[in-house]
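See below for start_38.txt, which holds compact mmCIF, C-alpha atoms.
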```txt
# COMPACT_ATOMS: atom_id res chain seq x y z
CA MET A 7 -58.49 191.14 153.30
CA LEU A 8 -60.30 191.38 149.98
CA ASP A 9 -58.60 193.80 147.60
CA PRO A 10 -61.23 195.39 145.34
CA ILE A 11 -58.62 196.49 142.78
CA LEU A 12 -57.43 192.89 142.46
CA TYR A 13 -61.02 191.70 141.88
CA LEU A 14 -61.40 194.32 139.16
CA LYS A 15 -58.27 192.96 137.47
CA VAL A 16 -59.46 189.36 137.90
CA PHE A 17 -62.81 190.25 136.34
CA ALA A 18 -61.27 192.23 133.47
CA VAL A 19 -58.59 189.70 132.49
CA GLY A 20 -60.76 186.61 132.98
CA GLY A 21 -63.62 188.25 131.12
CA LEU A 22 -61.34 189.38 128.32
CA ILE A 23 -59.97 185.87 127.72
CA CYS A 24 -63.56 184.55 127.50
CA LEU A 25 -64.47 187.44 125.22
CA ILE A 26 -61.68 186.47 122.82
CA GLY A 27 -63.14 182.95 122.74
CA GLN A 28 -66.62 184.28 122.00
CA VAL A 29 -65.27 186.55 119.23
CA LEU A 30 -63.63 183.49 117.63
CA ILE A 31 -66.93 181.57 117.84
CA ILE A 32 -68.90 184.33 116.17
CA THR A 33 -66.49 185.53 113.52
CA THR A 34 -64.93 182.22 112.46
CA LYS A 35 -66.12 178.67 111.93
CA ILE A 36 -63.62 177.28 114.45
CA THR A 37 -65.40 174.76 116.70
CA PRO A 38 -65.29 175.32 120.49
CA ALA A 39 -63.11 172.22 120.95
CA ARG A 40 -60.48 173.67 118.61
CA ILE A 41 -60.65 176.99 120.42
CA LEU A 42 -59.94 175.20 123.71
CA VAL A 43 -56.93 173.47 122.12
CA ALA A 44 -55.68 176.80 120.74
CA PHE A 45 -56.06 178.44 124.18
CA VAL A 46 -54.13 175.64 125.85
CA LEU A 47 -51.33 175.97 123.30
CA ALA A 48 -51.32 179.74 123.84
CA GLY A 49 -50.88 179.10 127.56
CA VAL A 50 -48.03 176.64 126.93
CA LEU A 51 -46.31 179.17 124.66
CA LEU A 52 -46.76 182.13 127.02
CA GLU A 53 -45.39 180.09 129.93
CA GLY A 54 -42.57 178.84 127.70
CA ILE A 55 -41.35 182.36 126.95
CA GLY A 56 -41.72 183.28 130.61
CA VAL A 57 -44.57 185.77 130.23
CA TYR A 58 -47.52 184.04 131.88
CA LYS A 59 -46.22 184.36 135.44
CA TYR A 60 -46.55 188.14 135.10
CA ILE A 61 -50.15 187.78 133.92
CA THR A 62 -50.87 185.52 136.92
CA GLU A 63 -49.20 188.00 139.29
CA PHE A 64 -51.33 190.77 137.82
CA ALA A 65 -54.70 189.04 137.54
CA GLY A 66 -54.64 186.09 139.98
CA ALA A 67 -57.57 183.76 139.32
CA GLY A 68 -58.33 185.75 136.16
CA ALA A 69 -55.28 184.04 134.66
CA ILE A 70 -55.51 180.70 136.53
CA VAL A 71 -59.18 179.82 135.92
CA PRO A 72 -59.35 180.13 132.10
CA ILE A 73 -58.11 177.09 130.16
CA VAL A 74 -55.08 179.19 129.11
CA GLY A 75 -53.97 178.78 132.73
CA PHE A 76 -54.17 175.00 132.33
CA GLY A 77 -51.74 175.28 129.40
CA ALA A 78 -49.46 177.51 131.43
CA ALA A 79 -49.58 175.13 134.41
CA ILE A 80 -48.71 172.06 132.34
CA ALA A 81 -45.75 173.91 130.71
CA LYS A 82 -44.62 175.29 134.08
CA GLY A 83 -44.60 171.77 135.53
CA ALA A 84 -42.45 170.44 132.67
CA ILE A 85 -40.03 173.39 132.86
CA GLU A 86 -39.61 173.32 136.65
CA MET A 87 -39.32 169.56 137.05
CA GLY A 88 -37.04 169.52 133.99
CA ALA A 89 -34.71 172.01 135.65
CA ALA A 90 -34.56 169.75 138.71
CA ASP A 91 -34.54 166.24 137.21
CA GLY A 92 -33.55 166.62 133.54
CA ILE A 93 -35.38 164.87 130.71
CA MET A 94 -37.41 162.60 133.01
CA GLY A 95 -38.56 165.74 134.78
CA VAL A 96 -39.64 167.29 131.48
CA LEU A 97 -41.70 164.20 130.69
CA ALA A 98 -43.30 163.86 134.13
CA GLY A 99 -43.63 167.50 135.19
CA GLY A 100 -46.53 168.56 132.98
CA LEU A 101 -48.93 165.86 134.09
CA VAL A 102 -47.79 165.98 137.72
CA ALA A 103 -48.62 169.70 137.86
CA THR A 104 -52.10 169.22 136.38
CA ALA A 105 -52.91 165.72 137.66
CA ALA A 106 -55.14 166.89 140.51
CA GLY A 107 -57.39 168.85 138.16
CA ILE A 108 -57.59 166.11 135.53
CA ALA A 109 -58.21 163.40 138.14
CA ALA A 110 -60.89 165.50 139.84
CA ALA A 111 -62.66 166.17 136.54
CA VAL A 112 -62.53 162.49 135.58
CA GLY A 113 -63.54 161.29 139.04
CA PHE A 114 -66.55 163.60 139.38
CA ALA A 115 -67.63 162.83 135.80
CA PHE A 116 -67.44 159.09 136.51
CA VAL A 117 -69.52 159.28 139.67
CA PHE A 118 -72.12 161.72 138.31
CA ALA A 119 -72.52 159.81 135.04
CA LEU A 120 -73.36 156.70 137.06
CA ILE A 121 -75.81 158.49 139.35
CA PHE A 122 -77.61 160.99 137.10
CA LYS A 123 -79.62 160.27 134.00
CA PRO A 124 -79.11 162.69 131.10
CA ARG A 125 -82.05 164.98 130.44
CA THR A 126 -83.67 164.62 127.06
CA LYS A 127 -82.77 167.68 125.09
CA LYS A 128 -85.63 169.86 124.01
CA CYS A 129 -85.32 170.82 120.38
CA MET B 1022 -70.35 165.41 88.85
CA VAL B 1023 -72.26 167.06 91.66
CA ASP B 1024 -75.03 169.43 90.69
CA GLU B 1025 -73.65 172.81 91.74
CA GLN B 1026 -77.14 174.30 91.89
CA THR B 1027 -78.38 171.70 94.37
CA LYS B 1028 -75.23 172.07 96.42
CA LYS B 1029 -75.64 175.82 96.62
CA SER B 1030 -79.31 175.75 97.54
CA TYR B 1031 -78.63 173.13 100.20
CA GLN B 1032 -75.88 175.35 101.61
CA GLN B 1033 -78.35 178.24 101.81
CA TYR B 1034 -80.91 175.97 103.45
CA VAL B 1035 -78.38 174.91 106.09
CA GLU B 1036 -77.28 178.50 106.72
CA ALA B 1037 -80.90 179.48 107.28
CA LYS B 1038 -81.51 176.60 109.67
CA ILE B 1039 -78.42 177.12 111.88
CA PRO B 1040 -79.52 178.91 115.04
CA LYS B 1041 -78.04 182.40 114.90
CA THR B 1042 -76.16 183.69 117.92
CA LYS B 1043 -76.85 187.36 118.35
CA ALA B 1044 -73.35 188.77 118.20
CA TRP B 1045 -73.29 191.77 120.55
CA PRO B 1046 -75.28 190.38 123.51
CA SER B 1047 -73.36 187.11 123.37
CA LEU B 1048 -70.03 188.98 123.55
CA PHE B 1049 -71.26 190.92 126.56
CA HIS B 1050 -72.58 187.81 128.34
CA ALA B 1051 -69.37 185.86 127.64
CA PHE B 1052 -67.35 188.70 129.16
CA TRP B 1053 -69.26 189.20 132.38
CA VAL B 1054 -70.01 185.54 133.10
CA GLY B 1055 -66.38 184.60 132.41
CA GLY B 1056 -65.16 187.45 134.60
CA LEU B 1057 -67.56 186.46 137.36
CA ILE B 1058 -66.42 182.82 137.36
CA CYS B 1059 -62.81 184.03 137.72
CA CYS B 1060 -63.85 186.32 140.60
CA LEU B 1061 -65.52 183.35 142.30
CA GLY B 1062 -62.21 181.51 141.94
CA GLN B 1063 -60.32 184.44 143.44
CA LEU B 1064 -62.77 184.62 146.33
CA LEU B 1065 -62.30 180.91 147.05
CA MET B 1066 -58.51 181.33 147.00
CA ASP B 1067 -58.63 184.37 149.30
CA LEU B 1068 -60.92 182.56 151.77
CA LEU B 1069 -58.67 179.48 151.79
CA LEU B 1070 -55.56 181.59 152.40
CA GLU B 1071 -57.32 183.54 155.15
CA PHE B 1072 -58.93 180.72 157.11
CA MET B 1073 -56.85 177.60 156.44
CA PRO B 1074 -53.63 177.63 158.47
CA GLY B 1075 -50.55 176.66 156.50
CA MET B 1076 -52.26 176.99 153.13
CA SER B 1077 -49.80 177.91 150.37
CA LYS B 1078 -50.70 180.01 147.33
CA ALA B 1079 -50.23 177.01 145.04
CA GLY B 1080 -52.34 174.86 147.38
CA ALA B 1081 -55.13 177.43 147.43
CA ALA B 1082 -55.11 177.60 143.61
CA ALA B 1083 -55.31 173.81 143.38
CA TRP B 1084 -58.21 173.58 145.87
CA MET B 1085 -60.00 176.40 144.07
CA LEU B 1086 -59.69 174.67 140.69
CA VAL B 1087 -60.95 171.37 142.12
CA ALA B 1088 -63.90 173.21 143.68
CA LEU B 1089 -64.83 174.85 140.36
CA ILE B 1090 -64.41 171.51 138.58
CA PHE B 1091 -66.77 169.88 141.10
CA LEU B 1092 -69.30 172.68 140.75
CA ALA B 1093 -69.29 172.53 136.94
CA SER B 1094 -69.52 168.73 136.93
CA PHE B 1095 -72.45 168.78 139.36
CA LEU B 1096 -74.30 171.53 137.47
CA THR B 1097 -73.78 169.51 134.28
CA ALA B 1098 -75.19 166.41 135.96
CA ILE B 1099 -78.39 168.16 137.08
CA GLY B 1100 -78.80 169.80 133.67
CA VAL B 1101 -78.21 173.40 134.74
CA PHE B 1102 -74.83 173.93 133.09
CA ASP B 1103 -76.23 173.58 129.57
CA ARG B 1104 -78.64 176.43 130.21
CA ILE B 1105 -75.91 178.73 131.55
CA GLY B 1106 -73.70 177.65 128.65
CA ALA B 1107 -76.35 178.51 126.07
CA PHE B 1108 -76.58 181.95 127.62
CA ALA B 1109 -72.90 182.74 128.21
CA GLY B 1110 -71.11 180.76 125.47
CA ALA B 1111 -67.36 181.10 125.84
CA GLY B 1112 -67.94 182.69 129.27
CA THR B 1113 -68.56 179.22 130.71
CA PHE B 1114 -66.54 176.94 128.46
CA VAL B 1115 -63.22 178.86 128.36
CA PRO B 1116 -62.80 178.75 132.18
CA ILE B 1117 -61.88 175.42 133.80
CA THR B 1118 -65.64 174.88 134.26
CA GLY B 1119 -65.85 174.18 130.51
CA PHE B 1120 -63.10 171.56 130.77
CA SER B 1121 -65.05 169.83 133.54
CA ASN B 1122 -68.30 170.07 131.57
CA SER B 1123 -66.60 168.66 128.46
CA ILE B 1124 -65.82 165.47 130.44
CA THR B 1125 -69.03 165.04 132.45
CA SER B 1126 -71.39 165.81 129.58
CA PRO B 1127 -70.29 163.06 127.12
CA ALA B 1128 -69.82 160.65 130.04
CA MET B 1129 -73.53 161.02 130.82
CA GLU B 1130 -74.65 161.11 127.23
CA PHE B 1131 -72.86 157.91 126.22
CA ARG B 1132 -73.59 156.00 129.44
CA HIS B 1133 -76.22 153.95 127.60
CA GLU B 1134 -73.54 152.65 125.20
CA GLY B 1135 -71.85 150.88 128.09
CA ILE B 1136 -69.30 151.73 130.74
CA VAL B 1137 -66.12 150.99 128.81
CA PHE B 1138 -66.73 151.96 125.19
CA GLY B 1139 -69.51 154.38 125.99
CA MET B 1140 -69.08 156.39 129.14
CA THR B 1141 -65.35 156.16 129.90
CA ALA B 1142 -64.12 156.20 126.29
CA LYS B 1143 -66.27 159.16 125.19
CA MET B 1144 -65.33 161.15 128.32
CA PHE B 1145 -62.22 162.39 126.52
CA ILE B 1146 -63.79 163.39 123.24
CA ILE B 1147 -62.87 167.05 123.91
CA ALA B 1148 -60.62 166.78 126.98
CA GLY B 1149 -58.44 164.25 125.10
CA PRO B 1150 -57.17 166.71 122.46
CA VAL B 1151 -56.78 169.39 125.16
CA ILE B 1152 -54.60 167.10 127.29
CA VAL B 1153 -52.65 165.72 124.29
CA PHE B 1154 -51.76 169.16 122.93
CA GLY B 1155 -50.98 170.37 126.45
CA VAL B 1156 -48.64 167.44 127.13
CA VAL B 1157 -46.91 167.55 123.73
CA GLY B 1158 -46.50 171.33 124.00
CA SER B 1159 -45.15 171.04 127.54
CA ILE B 1160 -42.56 168.45 126.46
CA LEU B 1161 -41.37 170.72 123.64
CA VAL B 1162 -41.26 173.81 125.85
CA GLY B 1163 -39.66 171.85 128.71
CA LEU B 1164 -36.95 170.44 126.42
CA ILE B 1165 -36.19 173.83 124.87
CA ARG B 1166 -35.94 175.46 128.27
CA LEU B 1167 -33.77 172.56 129.52
CA LEU B 1168 -31.41 172.89 126.54
CA THR B 1169 -31.21 176.66 126.76
CA GLY B 1170 -30.34 176.31 130.45
CA ASN B 1171 -33.28 178.35 131.71
CA LEU B 1172 -31.95 181.61 130.30
CA LEU B 1173 -35.28 183.28 131.07
```
In C-alpha cells, what does this structure look like?
Amino acid sequence: MLDPILYLKVFAVGGLICLIGQVLIITTKITPARILVAFVLAGVLLEGIGVYKYITEFAGAGAIVPIVGFGAAIAKGAIEMGAADGIMGVLAGGLVATAAGIAAAVGFAFVFALIFKPRTKKC
Amino acid sequence: MVDEQTKKSYQQYVEAKIPKTKAWPSLFHAFWVGGLICCLGQLLMDLLLEFMPGMSKAGAAAWMLVALIFLASFLTAIGVFDRIGAFAGAGTFVPITGFSNSITSPAMEFRHEGIVFGMTAKMFIIAGPVIVFGVVGSILVGLIRLLTGNLL
C-alpha cells in the first residue's frame, strides 16, 4: 500500500519548499512572517494559473503540508465555488475550503493557552 | 543631525550581537525536517485511506492537516516545538505546523495580558496577515477565473 517512490517525491518536494524558505532567511533580511505571506501568495498564484494541482498530483503531502498548499487551497475554494455560485461563491469559497484548518488551529491554541503556562525563555 | 559615527558603530555592535545561524547546516536541517514532516502527513493520509471506509482523498487530506495542526499546537504548549524550531528553522515553520505554532505561541505568551486583548487578539499576529493575504488573493484569483470563464 505504501509507495516508496511517492514518499521520495513527498520528501524531496516538501523539503525543497522548506529549503527555499531557509535560503530566504539566511540570504535576505525578510522576516519569517513575511516569508509565510509570500509563500501563501505563491500558492494562490500557482493555483490561479492552474499549475498547483499538478504539483499536488506529483508530490501529495509534499505539496499539501507546506503553507504554499494553504494558499493553493484557499484559491481553489474560491475558484471552484465561484464556478458553481458566481460572485458569492468567490467570496465564500476560500474560507470554506480552509475553515477546518483555521478553526482547528484557533481551537487548539485557545484550549492549550488556557491550560499550559508558557516556559520562561532561557537567554 | 545624527552622529554618523555613533550610528555606524552601533550597527556593528548589533551585527556582532545577533546570533549567527550557521548557513550550511541550517539549510540541510530545514530540508530534511521539512521533508520528514511532509512524509508524516503522507503516511497519515495513506493510513486513513486504507483503514477508514468511505474516506475520500480530500477528507484524508483535511484530517491529516488537522492532526498535524494538533501535534504542532501541543508540542508548542509543552515547550518542545521551540527547540525543534531552533534546530530546523524553515523546516518546521513553512509546513502547516508553523502556522499552528504561530497561533498557539503568542496565545500562550500574551495570556497574562488578559483573554480578550491579550490571548485572543495576539493569536493572529502572524496568522492574521497570512489569512488576509490568502483571502484577498483568493478573491482576486476567483474573480479573474470567473470572468475568464474557467479557460484553464
Extract, using only C-alpha atoms, all DNA, RNA and protein residues at most 10 Å from Ile108 (chain A), discarding same-chain residues fewer than 2 positions from it, and format them as an MDAnalysis selection string.
-> (chainID A and resid 101 103:106 110:113) or (chainID B and resid 1087 1090 1120:1121 1124 1148 1152)
Using all atoms listed in the file, which chain A residues lie at most 7 Å away from chain B, written as JSON, numbers by chain?
-> {"A": [13, 16, 17, 18, 20, 21, 22, 24, 25, 27, 28, 29, 32, 39, 42, 43, 46, 47, 50, 54, 56, 66, 67, 68, 71, 72, 73, 77, 80, 81, 84, 85, 88, 89, 96, 97, 100, 107, 110, 111, 112, 114, 115, 118, 119, 122, 123, 124, 125]}
CA of Ile55 (chain A) and CA of Lys15 (chain A) are how many Å apart?
->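 Computing it gives 22.6 Å between the two atoms.
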Tell me, in Å to one decimal, how far CA of Ala1079 (chain B) is from CA of Gly75 (chain A).
->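 Between CA of Ala1079 (chain B) and CA of Gly75 (chain A) the gap works out to 13.0 Å.
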Best match for closeness to Ile70 (chain A) among B:Met1073, B:Ala1037, B:Ala1081, B:Lys1143, counting only C-alpha atoms = B:Ala1081
Give the answer as one residue: which of A:Ile26, A:Leu12, A:Thr33, A:Phe76 has the shortest atom-to-atom distance to Leu52 (chain A), using all atoms listed in the file?
->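 The answer is A:Phe76, which sits nearest to Leu52 (chain A).
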Mind giving me the straight-line distance from CA of Ala79 (chain A) to CA of Tyr58 (chain A) in Å, one decimal?
->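 According to the coordinates, CA of Ala79 (chain A) and CA of Tyr58 (chain A) are separated by 9.5 Å.
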Selected residue of minimal separation from Ile61 (chain A) among A:Gly95, A:Lys35, A:Ile23, A:Ile41, counting all atoms listed in the file = A:Ile23
